[in-house]
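A.B. asks: Provided herewith is a single structure, encoded as structure tokens, for subsequent inquiry.
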Amino acid sequence: MAGDAPRKKAAPRKKPAAPGAPGNPAPLALYRKYRPASFAEVKGQEHVTEPLQQALRNGRVNHAYLFSGPRGCGKTSSARILARSLNCEQGPTPDPCGVCASCVALAPSGPGSIDVIEIDAASHGGVDDARDLRERAFYAPVSGRFKIYIIDEAHMVTSGGFNALLKLVEEPPPHLKFVFATTEPEKVIPTIRSRTHHYPFRLVPPAVLRELLEQILGTEGVSYEPAVLPLVVKAGAGSVRDSLSVLDQLLAGAGPEGLTYDRTVTLLGYSDDSLLDEMVDALASGDGAAVFGTVDRAVEGGHDPRRFAADLLDRLRDLIILAAVPGAGHSGLLDAPADRLERMAEQAGRFGQAELTRAAEIVSEGLIQMRGTTSPRLLLELMCAQVLLPAASTGEKALLARLERLEHQLAGGLRGQVEPASLPTRSPDVPGGTARQEGPGSPARSAPPGRAVPRADEAPRGEAEIQLREGPPARAGQQADSDARHEPATAPAAHADPGQQRGAAPLDADTLRERWPDILDTVRSERKVAWMLLNSASVQELRNGLLTIAFPSEGNARGFAASGHDQVLIGALAAMLGLNVRVRAVAGGPAAAGSRPVSSGGHGPAGGDLQHPPADAPPVQAGPAPGREGAGPSSAGRQGPDPVPSGPSAPGTSAPGTSTP
């Protein structure tokens, strides 16, 4: 019609591609694109590839092989490479040429060979499938040197199927080879397993896997942040195929900036490092509000409590390794960026080994309980509460954790924040004041009535040695109590001149008990926690270079020995007395005589209980002082008709019939 605008010609439509015509090829998955084509390209399995290559060089190739190992570690790929090496025109050779018809057909991207048959035993593992394979196996290969059967997932073959193959595997024709690949070799019947050469594959080490990922990313031309690769390696768990699948997923969603840490953490479902840092810092400082606040932010942010607990356990494991091996990051024990290693080293320094180990065990046990729980957040909070409160547990590790926390507080000048429960307890009948608190200038207390105060320089050497060898005399009644309270007056010169005292008597248990307060003072200047523990201990025995220290409880004894406090005591003994001994901590048992006397049953005058002197008070010799007339053994420590000194008894003399302690 006139006046109508001319119509535009429609663009020609594109004809659909004919079926089977080559179009735009779909990108291959990374685990298929980078499948190894030779034994040299198989990563992390040198213990398998090198013997196989040597067997090919020596011409000693077996008729049946069994490849076992975790998924994605190279079993099926190695079976294809073995088939390629056997049928290469230059072979059998450990290095296929890659250009002959057989090598091209058996390449990772090749169409395959009619002489290499792969069977999935998960769907072809019955008796009928085995019989069909047995009938076709006797035919000669079409173009290759050997006919090779690769049976994948061999553990899925039934017992009947294995029995149908048994005769063929035992005596195959010369042109036939078998390669069984399985993740569970124990399910392959022994009669088949014994007729094969078994090669166990392993998980690929993280360092090797990281190097492979870096090569692939360089080939693909993709930029990435250094913190991404440890997450990919962790997600792959040693499997090359799983790691490449994770990397392929990350590359598919990567932007122009490449692979970023934030997107990787979100996509893989891991806990962010900032949350873990906050949790570890709060646990180290004992800040309960910060701990439970971090748990709340993690749950509100969509993190699975189980995943967060597992990541926290991994962090505690890294801290334990860093505390034990400060250079773990440089030696390859830990795979993390330098700034992350520095941060974790700082966190490890705020804990003790016992505290870290105890926290890791609590989280590990909590993860086991989380498997079937309906409230994982509650269990996560309970785990954190147990880590925060070592005093709530009575085990050895809880005690060590409390001691380490106390050491950190004392070292940092936080003496006002020491937990009362972590201090050693003293019996309520022990007097508050101790002789150790008196300075050198304190006036000497009066000796018991009727007893002369000897001087250390007046006692003959032989007489002093006899008194020390006699051992601790028994005491009973108020006389023993009075002696224990007034014992510093018996030898004032000995404390004033320790060198003279050491020269006058040999170093034995009694000498150590006399010098125990001075030894404790030296220990206190070195380590206050060791001094606190030793306050409740006593010298039990010194024999053959072994010093036995008795503690009131087994927990105190174990804590003293496990925390290195015994080395502090050994150093103090060597510095003060020149004594080179080994120290053994024991629990319970009778208190050392002269160090902490025990009650003799309360038969003293007035029926009162005996008061124990402090555990760190020096011992007292209950024998007669030199020069005293008519002195004899005390009747309180003897049984039978022993003579009793005539005259009025001294105050505090025990009643007849008092038993020995």
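Quick note on naming: the chains in the structure tokens go A, B, ... in the order shown, residues restart at 1 in each chain, and ligands are numbered from 1 in order of appearance.
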Find the residues near stretch 72-84 of chain A: any atom within 6 Å, counting only C-alpha atoms, skip ones fewer than 5 places away on the same chain, and give them as a list of chain:residue names.
C.D. replies: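 Those residues are A:Ser38, A:Phe67, A:Cys103, A:Ser239, A:Val240, A:Arg241.
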A.B. asks: Excluding A:Gly286 and any residue of its chain fewer than 2 positions from it, enumerate the residues within 10 Å of it, using only C-alpha atoms, and give them as a PyMOL selection string.
C.D. replies: chain A and resi 280-284+288-291+385+387-389+405
A.B. asks: Quick check for you: according to DSSP on this backbone, which residues of stretch 53-291 of chain A are classed as alpha helix (DSSP H)? Reply as an MDAnalysis selection string.
C.D. replies: chainID A and resid 53:58 75:87 101:105 127:137 159:170 190:193 206:220 228:236 240:252 261:268 273:285 288:291
A.B. asks: Tell me which of A:Gln90, A:Thr357, A:Pro205, A:His47 sits closest to A:Arg317, counting only C-alpha atoms.
C.D. replies: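 Closest candidate: A:Thr357.
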A.B. asks: Please provide as number ranges by chain all residues within 12 Å of A:Ala252, with the sequence filter that same-chain residues fewer than 4 positions apart are discarded (counting only C-alpha atoms).
C.D. replies: A: 27, 29-30, 222, 245-248, 256, 258-259, 264, 267
A.B. asks: Could you take the residues named above and write them with C-alpha atoms, as a PDB file, in the first residue's frame?
C.D. replies:
```pdb
ATOM      1  CA  PRO A  27      34.434 -27.307  29.470  1.00  0.00           C
ATOM      2  CA  ALA A  29      35.912 -30.722  34.826  1.00  0.00           C
ATOM      3  CA  LEU A  30      39.327 -30.009  36.285  1.00  0.00           C
ATOM      4  CA  VAL A 222      43.389 -17.187  37.855  1.00  0.00           C
ATOM      5  CA  SER A 245      36.188 -30.518  42.350  1.00  0.00           C
ATOM      6  CA  VAL A 246      36.172 -27.900  45.134  1.00  0.00           C
ATOM      7  CA  LEU A 247      38.559 -25.708  43.157  1.00  0.00           C
ATOM      8  CA  ASP A 248      36.376 -26.071  40.058  1.00  0.00           C
ATOM      9  CA  PRO A 256      37.306 -10.540  38.192  1.00  0.00           C
ATOM     10  CA  GLY A 258      39.836 -14.073  41.448  1.00  0.00           C
ATOM     11  CA  LEU A 259      39.513 -16.352  44.444  1.00  0.00           C
ATOM     12  CA  THR A 264      35.704 -19.225  49.917  1.00  0.00           C
ATOM     13  CA  LEU A 267      30.955 -21.123  50.141  1.00  0.00           C
TER      14      LEU A 267
END
```
A.B. asks: Got a sec: who's within 7 Å of stretch 122-127 of chain A, counting only C-alpha atoms, leaving out chain neighbours fewer than 5 positions off, as JSON, numbers by chain?
C.D. replies: {"A": [153, 156, 157, 158, 160, 161, 164]}
A.B. asks: List every residue of stretch 200-265 of chain A that has an atom at most 12 Å from any atom of stretch 298-315 of chain A, giving for each one its closest atom pair and the distance in Å to one decimal, counting only C-alpha atoms, sorted by chain and then by ascending residue number, as JSON lines.
C.D. replies:
```
{"residue": "A:Leu231", "atom": "CA", "partner": "A:Asp311", "partner_atom": "CA", "distance": 11.4}
{"residue": "A:Lys234", "atom": "CA", "partner": "A:Asp314", "partner_atom": "CA", "distance": 10.7}
{"residue": "A:Val265", "atom": "CA", "partner": "A:His303", "partner_atom": "CA", "distance": 11.0}
```
A.B. asks: Filtering to N, CA and C atoms, could you give me those residues as a PDB file, in the first residue's frame?
C.D. replies:
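Generated file (part.pdb):
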```pdb
ATOM      1  N   LEU A 231      42.320 -23.691  52.672  1.00  0.00           N
ATOM      2  CA  LEU A 231      40.920 -24.101  52.819  1.00  0.00           C
ATOM      3  C   LEU A 231      40.541 -25.156  51.787  1.00  0.00           C
ATOM      4  N   LYS A 234      42.143 -28.387  52.836  1.00  0.00           N
ATOM      5  CA  LYS A 234      41.403 -28.939  53.970  1.00  0.00           C
ATOM      6  C   LYS A 234      40.093 -29.573  53.517  1.00  0.00           C
ATOM      7  N   VAL A 265      35.381 -18.947  52.320  1.00  0.00           N
ATOM      8  CA  VAL A 265      34.902 -19.370  53.640  1.00  0.00           C
ATOM      9  C   VAL A 265      33.388 -19.517  53.636  1.00  0.00           C
TER      10      VAL A 265
END
```
A.B. asks: From the options A:Glu526, A:Glu342, A:Asp521, A:Glu184, which residue's atoms come nearest to A:Asp566, counting only C-alpha atoms?
C.D. replies: A:Glu526
A.B. asks: Apply DSSP to the structure's backbone, then extract all residues of stretch 107-311 of chain A labelled strand (DSSP E) and return them as a list in words.
C.D. replies: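 Here is the list: Val116, Ile117, Glu118, Ile119, Asp120, Lys147, Ile148, Tyr149, Ile150, Ile151, Asp152, Leu176, Lys177, Phe178, Val179, Phe180, Ala181, Thr182, His197, His198, Tyr199 and Pro200 of chain A.
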A.B. asks: Let me make sure I understand: among A:Gly372, A:Gly238, A:Gly253, A:Pro226, which one has the smallest atom-to-atom distance to A:Ala338 if we use only C-alpha atoms?
C.D. replies: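 Among the listed residues, A:Pro226 lies closest to A:Ala338.
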A.B. asks: Closest to A:Ile519 among A:Leu546, A:Leu534, A:Ala328, A:Leu276, using only C-alpha atoms?
C.D. replies: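 Closest to A:Ile519, using only C-alpha atoms: A:Leu534.
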A.B. asks: Just checking: using only C-alpha atoms, which residue out of A:Leu168, A:Ile148, A:Ala530, A:Ala121 ends up closest to A:Glu135?
C.D. replies: A:Leu168
A.B. asks: Excluding A:Ile117 and its own-chain neighbours fewer than 5 positions away, which residues fall within 10 Å of it when counting only C-alpha atoms? Please give them as number ranges by chain.
C.D. replies: A: 112, 147-151, 178
A.B. asks: Find the residue from A:Asp335, A:Asp510, A:Arg134, A:Glu257 that sits nearest to A:Glu211; use only C-alpha atoms when measuring.
C.D. replies: A:Asp335
A.B. asks: When you draw a straight line from atom CA of A:Cys97 to atom CA of A:Ser143, how long is it in Å?
C.D. replies: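 Pair atom CA of A:Cys97 / atom CA of A:Ser143 returns 16.8 Å.
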